[in-house]
Amino acid sequence: MSSQELEKDLPLGFLFNNSVVAALADTYTSFSERRAALGLSNPGTVENIAREVQRDVFLNNYTFQGLRADLTKAFSISPLFQVSHAFAMGSQGLPPYTFAALFGTNKIFMQGNIDNEGQLSTRFNYRWSPSLVTKTQIQIAPGPNQAMVQFDNEYTGNDFTASLKTLNPSLIDGGLTGIFIGSYLQSVTPSLALGLEAIWQRAALNQGPETAISYCAKYKGSDWIASAQLAAGGAISTSYWRRLTDKVEAGVDLNLQFAGLSGSGGLMGGPVRKEGVTTVGAKYDFRMSTFRAQVDSTGKLSCLLEKRVAPPVQLTFAADMDHFKQQAKIGLAVSIEAGSEELQEQQELAGGAAPAQIPF
């Protein structure tokens with residue numbers, strides 16, 4: 001007896017075996033086939049829509065000041081397991097000492113950091129399926145109201161990415177509080193992707209909830225990528241990335257803020273403040289080093305050089321100069337990676353095997 005005949009014999013089989021359900025199933029199948037025929041690729045996430053410029057070219061996530069030393073010891077490659085000791089001196093925002101450990105497989109990624117002041121930061125990611133990943137982040141620091149918890153569920157489809165993120169969700173006070181962010185980015189054509197991001201937040205029950213919606217678009221050419229975001233309140237962000245040669249990348253980022261458009265000032269005829277910052281940067285990849293430089297419209301010039309002087313040793317030099325404020329910062333770091341002979345044997349045995357797909 002076939003499965004269709006079994007479904008018809010079920011008490012609720014009529015709910016699935018009727019003309020309406022059959023028509024909807026045929027429509028969905030036809031839509032899926034046409035969608036697959038377009039050859040659309042995954043566009044990434046709304047959060048990283050300008051990743052090529054802001055994370056790859058610009059050095060905002062790499063720059064520092066003062067002296068820094070990082071010592072990393074790897075114990076295994078598959079699964080990935082390593083510990084590190086970080087020392088800092090004369091650096092704002094970095095503690096004098098931080099101990100970190102991480103472990104990763106195809107399904108699990110765990111990382112924990114603790115510094116000399118007792119601040120603890122942990123990450124735990126779990127891959128439920130090739131498309132669905134849950135990411136958890138917890139931060140605990142000495143003092144009241146210094147804890148933070150974040151949950152992020154990300155689904156990666158063939159031509160879209162959907163994400164639901166929550167920050168400090170709570171029902172203890174008798175109602176829902178926290179920050180909830182939902183985003184969706186869909187490829188419309190092989191080059192164009194459109195998306196939106198919705199935010200709902202409520203700090204306390206005695207305060208009303210606040211909502212905001214932002215829209216974004218991303219266009220990908222043969223050797224260039226352009227993206228734009230329109231946020232609630234009149235904030236506009238645009239970026240442009242281009243690969244000039246095999247080893248040279250350049251990017252431009254523009255942020256405009258029109259304060260007063262969403263408030264009473266702009267509606268009642270008050271002045272609308274316009275603020276904007278433009279940043280231009282470039283990245284050069286050499287055989288044993290990487291150089292990044294950027295300058296913005298506020299007169300701030302920054303550069304960063306990462307030099308691999310030996311296979312386990314890397315030197316990093318960072319400099320920052322603000323011409324309008326007449327301030328300058330400089331940083332120097334050394335990173336040493338150590339591995340045992342067993343680790344080298346694991347690398348040789350792995351050979352051309354595909355690396356583990358760790359859900360970072």
# chains A, B, ... in the order shown; residues from 1 in each chain; ligands from 1
>>> residues_around(residues="Pro312 in chain A", least_positions_apart="4", cutoff="8 Å", atoms="only C-alpha atoms", output="ChimeraX atom specification")
/A:335-338
>>> select_by_dssp(residues="range 45-86 of chain A", states="strand (DSSP E)", output="PyMOL selection string")
chain A and resi 66-76+80-86
>>> residues_around(residues="Gly143 in chain A", least_positions_apart="4", cutoff="12 Å", atoms="only C-alpha atoms", output="VMD selection string")
chain A and resid 117 to 119 147
>>> atom_distance(atom1="CA of Val313 in chain A", atom2="CA of Arg287 in chain A")
14.9 Å
>>> closest_residue(among="A:Phe103, A:Leu305, A:Glu154, A:Ser41", to="Arg127 in chain A", atoms="only C-alpha atoms")
A:Glu154
>>> select_by_dssp(residues="range 150-315 of chain A", states="helix (DSSP H, G or I)", output="ChimeraX atom specification")
/A:264-267
>>> write_last_selection(atoms="C-alpha atoms", output="PDB file, in the first residue's frame")
ATOM      1  CA  SER A 264       9.218  67.036  16.865  1.00  0.00           C
ATOM      2  CA  GLY A 265      12.017  69.349  15.815  1.00  0.00           C
ATOM      3  CA  GLY A 266      11.823  68.464  12.155  1.00  0.00           C
ATOM      4  CA  LEU A 267       8.004  68.236  12.064  1.00  0.00           C
TER       5      LEU A 267
END
>>> residues_around(residues="Trp241 in chain A", least_positions_apart="4", cutoff="6 Å", atoms="only C-alpha atoms", output="PyMOL selection string")
chain A and resi 53+224-225+250-251
>>> write_last_selection(atoms="N, CA, C and O atoms", output="mmCIF file, in the first residue's frame")
data_model
loop_
_atom_site.group_PDB
_atom_site.id
_atom_site.type_symbol
_atom_site.label_atom_id
_atom_site.label_comp_id
_atom_site.auth_asym_id
_atom_site.auth_seq_id
_atom_site.Cartn_x
_atom_site.Cartn_y
_atom_site.Cartn_z
ATOM 1 N N VAL A 53 34.124 46.216 3.284
ATOM 2 C CA VAL A 53 34.726 47.520 3.562
ATOM 3 C C VAL A 53 35.065 47.652 5.042
ATOM 4 O O VAL A 53 36.196 47.942 5.421
ATOM 5 N N TRP A 224 33.548 44.550 -7.771
ATOM 6 C CA TRP A 224 33.158 45.614 -6.854
ATOM 7 C C TRP A 224 31.819 45.273 -6.197
ATOM 8 O O TRP A 224 31.022 44.488 -6.730
ATOM 9 N N ILE A 225 31.599 45.864 -5.010
ATOM 10 C CA ILE A 225 30.376 45.651 -4.237
ATOM 11 C C ILE A 225 29.947 46.981 -3.656
ATOM 12 O O ILE A 225 30.761 47.711 -3.078
ATOM 13 N N ALA A 250 40.279 48.451 -2.052
ATOM 14 C CA ALA A 250 39.977 49.803 -1.599
ATOM 15 C C ALA A 250 38.498 49.894 -1.265
ATOM 16 O O ALA A 250 37.666 49.163 -1.823
ATOM 17 N N GLY A 251 38.169 50.802 -0.341
ATOM 18 C CA GLY A 251 36.781 50.951 0.068
ATOM 19 C C GLY A 251 36.477 52.363 0.519
ATOM 20 O O GLY A 251 37.358 53.090 0.998
#
>>> residues_around(residues="Gly44 in chain A", least_positions_apart="5", cutoff="9 Å", atoms="only C-alpha atoms", output="PDB file with N, CA, C and O atoms, in the first residue's frame")
ATOM      1  N   ILE A  49      26.489  43.391   5.916  1.00  0.00           N
ATOM      2  CA  ILE A  49      26.225  43.761   4.532  1.00  0.00           C
ATOM      3  C   ILE A  49      27.379  44.573   3.950  1.00  0.00           C
ATOM      4  O   ILE A  49      27.620  44.562   2.743  1.00  0.00           O
ATOM      5  N   THR A 156      20.648  30.064   7.177  1.00  0.00           N
ATOM      6  CA  THR A 156      21.280  30.398   5.905  1.00  0.00           C
ATOM      7  C   THR A 156      20.698  29.521   4.812  1.00  0.00           C
ATOM      8  O   THR A 156      20.923  28.308   4.782  1.00  0.00           O
ATOM      9  N   ASP A 159      19.567  31.229  -1.133  1.00  0.00           N
ATOM     10  CA  ASP A 159      19.573  32.585  -1.676  1.00  0.00           C
ATOM     11  C   ASP A 159      19.054  33.612  -0.672  1.00  0.00           C
ATOM     12  O   ASP A 159      18.646  34.706  -1.067  1.00  0.00           O
ATOM     13  N   PHE A 160      19.068  33.299   0.614  1.00  0.00           N
ATOM     14  CA  PHE A 160      18.617  34.248   1.631  1.00  0.00           C
ATOM     15  C   PHE A 160      19.242  33.888   2.967  1.00  0.00           C
ATOM     16  O   PHE A 160      19.753  32.786   3.168  1.00  0.00           O
ATOM     17  N   THR A 161      19.179  34.854   3.896  1.00  0.00           N
ATOM     18  CA  THR A 161      19.615  34.642   5.276  1.00  0.00           C
ATOM     19  C   THR A 161      18.629  35.329   6.201  1.00  0.00           C
ATOM     20  O   THR A 161      18.326  36.510   6.018  1.00  0.00           O
ATOM     21  N   LEU A 185      17.624  39.018   4.548  1.00  0.00           N
ATOM     22  CA  LEU A 185      18.303  39.500   3.347  1.00  0.00           C
ATOM     23  C   LEU A 185      18.099  38.471   2.244  1.00  0.00           C
ATOM     24  O   LEU A 185      18.437  37.295   2.416  1.00  0.00           O
ATOM     25  N   GLN A 186      17.537  38.912   1.111  1.00  0.00           N
ATOM     26  CA  GLN A 186      17.142  38.023   0.021  1.00  0.00           C
ATOM     27  C   GLN A 186      17.800  38.456  -1.285  1.00  0.00           C
ATOM     28  O   GLN A 186      17.787  39.640  -1.632  1.00  0.00           O
TER      29      GLN A 186
END
>>> closest_residue(among="A:Thr136, A:Thr238, A:Gln314, A:Ser121", to="Arg51 in chain A", atoms="only C-alpha atoms")
A:Thr238
>>> residues_around(residues="range 169-175 of chain A", least_positions_apart="2", cutoff="10 Å", atoms="only C-alpha atoms", output="list in words")
Met148, Val149, Gln150, Phe151, Thr166, Leu167, Thr177, Gly178, Ile179, Phe180, Gln201, Arg202, Ala203, Ala204 and Leu205 of chain A
>>> atom_distance(atom1="CA of Leu71 in chain A", atom2="CA of Gln111 in chain A")
16.2 Å
>>> residues_around(residues="Ser302 in chain A", least_positions_apart="5", cutoff="10 Å", atoms="only C-alpha atoms", output="JSON, numbers by chain")
{"A": [58, 59, 60, 63, 281, 292, 293, 294, 295, 296, 318, 319, 320, 321, 322, 328, 329, 330]}
>>> write_last_selection(atoms="all heavy atoms", output="compact mmCIF listing (two decimals), in the first residue's frame")
# COMPACT_ATOMS: atom_id res chain seq x y z
N PHE A 58 38.96 48.35 6.19
CA PHE A 58 39.17 49.29 7.28
C PHE A 58 39.83 48.59 8.46
O PHE A 58 39.68 47.38 8.66
CB PHE A 58 37.86 49.93 7.72
CG PHE A 58 37.30 50.90 6.71
CD1 PHE A 58 36.05 51.46 6.89
CD2 PHE A 58 38.01 51.23 5.57
CE1 PHE A 58 35.54 52.35 5.98
CE2 PHE A 58 37.51 52.12 4.64
CZ PHE A 58 36.26 52.68 4.85
N LEU A 59 40.54 49.37 9.27
CA LEU A 59 41.28 48.81 10.40
C LEU A 59 40.66 49.15 11.74
O LEU A 59 41.34 49.08 12.77
CB LEU A 59 42.74 49.29 10.34
CG LEU A 59 42.96 50.81 10.18
CD1 LEU A 59 43.15 51.51 11.50
CD2 LEU A 59 44.14 51.05 9.27
N ASN A 60 39.37 49.51 11.76
CA ASN A 60 38.72 49.85 13.02
C ASN A 60 38.73 48.69 14.00
O ASN A 60 38.79 48.89 15.22
CB ASN A 60 37.28 50.30 12.75
CG ASN A 60 37.21 51.54 11.89
OD1 ASN A 60 38.13 52.34 11.88
ND2 ASN A 60 36.14 51.70 11.13
N THR A 63 42.97 48.21 15.08
CA THR A 63 43.84 49.23 15.64
C THR A 63 43.84 49.18 17.17
O THR A 63 42.88 48.74 17.80
CB THR A 63 43.42 50.62 15.16
OG1 THR A 63 44.40 51.58 15.56
CG2 THR A 63 42.07 51.00 15.72
N GLY A 281 39.64 54.03 2.61
CA GLY A 281 40.70 53.15 3.05
C GLY A 281 41.18 52.23 1.96
O GLY A 281 40.53 52.06 0.92
N ARG A 292 47.23 48.24 6.01
CA ARG A 292 45.94 48.92 5.91
C ARG A 292 46.12 50.39 6.26
O ARG A 292 46.87 50.73 7.17
CB ARG A 292 44.90 48.30 6.85
CG ARG A 292 44.46 46.89 6.49
CD ARG A 292 43.44 46.39 7.51
NE ARG A 292 42.85 45.11 7.13
CZ ARG A 292 43.34 43.94 7.49
NH1 ARG A 292 44.45 43.88 8.23
NH2 ARG A 292 42.76 42.82 7.11
N ALA A 293 45.41 51.24 5.55
CA ALA A 293 45.45 52.68 5.82
C ALA A 293 44.08 53.27 5.51
O ALA A 293 43.39 52.82 4.58
CB ALA A 293 46.53 53.37 5.00
N GLN A 294 43.70 54.28 6.29
CA GLN A 294 42.42 54.94 6.06
C GLN A 294 42.49 56.37 6.57
O GLN A 294 43.28 56.71 7.46
CB GLN A 294 41.28 54.20 6.76
CG GLN A 294 41.29 54.27 8.27
CD GLN A 294 40.16 53.49 8.91
OE1 GLN A 294 39.91 52.34 8.57
NE2 GLN A 294 39.45 54.12 9.84
N VAL A 295 41.63 57.22 6.00
CA VAL A 295 41.52 58.61 6.39
C VAL A 295 40.05 59.00 6.29
O VAL A 295 39.34 58.54 5.39
CB VAL A 295 42.39 59.53 5.50
CG1 VAL A 295 41.98 59.42 4.05
CG2 VAL A 295 42.36 60.96 5.99
N ASP A 296 39.57 59.80 7.24
CA ASP A 296 38.17 60.21 7.21
C ASP A 296 38.06 61.73 7.17
O ASP A 296 39.05 62.45 7.26
CB ASP A 296 37.39 59.64 8.40
CG ASP A 296 37.97 60.06 9.74
OD1 ASP A 296 38.51 61.17 9.84
OD2 ASP A 296 37.86 59.28 10.71
N ALA A 318 50.63 49.82 14.76
CA ALA A 318 49.44 50.63 14.54
C ALA A 318 49.73 52.08 14.89
O ALA A 318 50.43 52.36 15.87
CB ALA A 318 48.27 50.11 15.36
N ALA A 319 49.21 53.00 14.09
CA ALA A 319 49.39 54.42 14.34
C ALA A 319 48.10 55.15 14.00
O ALA A 319 47.39 54.79 13.05
CB ALA A 319 50.54 54.99 13.52
N ASP A 320 47.80 56.17 14.80
CA ASP A 320 46.56 56.92 14.65
C ASP A 320 46.87 58.39 14.91
O ASP A 320 47.45 58.73 15.95
CB ASP A 320 45.50 56.41 15.63
CG ASP A 320 44.13 57.00 15.36
OD1 ASP A 320 44.03 58.23 15.29
OD2 ASP A 320 43.15 56.23 15.25
N MET A 321 46.48 59.27 14.00
CA MET A 321 46.74 60.71 14.16
C MET A 321 45.48 61.49 13.84
O MET A 321 44.88 61.32 12.78
CB MET A 321 47.88 61.15 13.24
CG MET A 321 48.21 62.63 13.35
SD MET A 321 49.60 63.11 12.29
CE MET A 321 50.92 62.18 13.04
N ASP A 322 45.07 62.34 14.78
CA ASP A 322 43.91 63.21 14.61
C ASP A 322 44.42 64.64 14.43
O ASP A 322 44.89 65.27 15.38
CB ASP A 322 42.99 63.11 15.84
CG ASP A 322 41.62 63.71 15.57
OD1 ASP A 322 41.55 64.71 14.83
OD2 ASP A 322 40.62 63.18 16.10
N ALA A 328 47.88 62.01 18.79
CA ALA A 328 48.50 60.89 18.08
C ALA A 328 48.61 59.70 19.02
O ALA A 328 48.87 59.86 20.21
CB ALA A 328 49.87 61.28 17.55
N LYS A 329 48.38 58.51 18.47
CA LYS A 329 48.47 57.27 19.22
C LYS A 329 49.30 56.27 18.42
O LYS A 329 49.27 56.28 17.19
CB LYS A 329 47.07 56.69 19.50
CG LYS A 329 46.15 57.63 20.27
CD LYS A 329 44.77 57.03 20.40
CE LYS A 329 43.81 58.01 21.09
NZ LYS A 329 42.44 57.44 21.19
N ILE A 330 50.00 55.42 19.14
CA ILE A 330 50.85 54.44 18.49
C ILE A 330 50.77 53.13 19.27
O ILE A 330 50.58 53.14 20.49
CB ILE A 330 52.31 54.93 18.39
CG1 ILE A 330 53.13 54.03 17.47
CG2 ILE A 330 52.93 55.03 19.76
CD1 ILE A 330 54.51 54.56 17.17
>>> atom_distance(atom1="CA of Phe75 in chain A", atom2="CA of Ala141 in chain A")
28.9 Å
>>> closest_residue(among="A:Asn206, A:Thr45, A:Asn153, A:Gln65", to="Met89 in chain A", atoms="only C-alpha atoms")
A:Gln65
>>> closest_residue(among="A:Val334, A:Ser129, A:Gln357, A:Val57", to="Ala88 in chain A", atoms="only C-alpha atoms")
A:Val334
>>> closest_residue(among="A:Leu40, A:Leu67, A:Ile114, A:Ala74", to="Gln92 in chain A", atoms="only C-alpha atoms")
A:Leu67
>>> closest_residue(among="A:Gly90, A:Asn42, A:Asn48, A:Leu24", to="Tyr155 in chain A", atoms="only C-alpha atoms")
A:Asn42
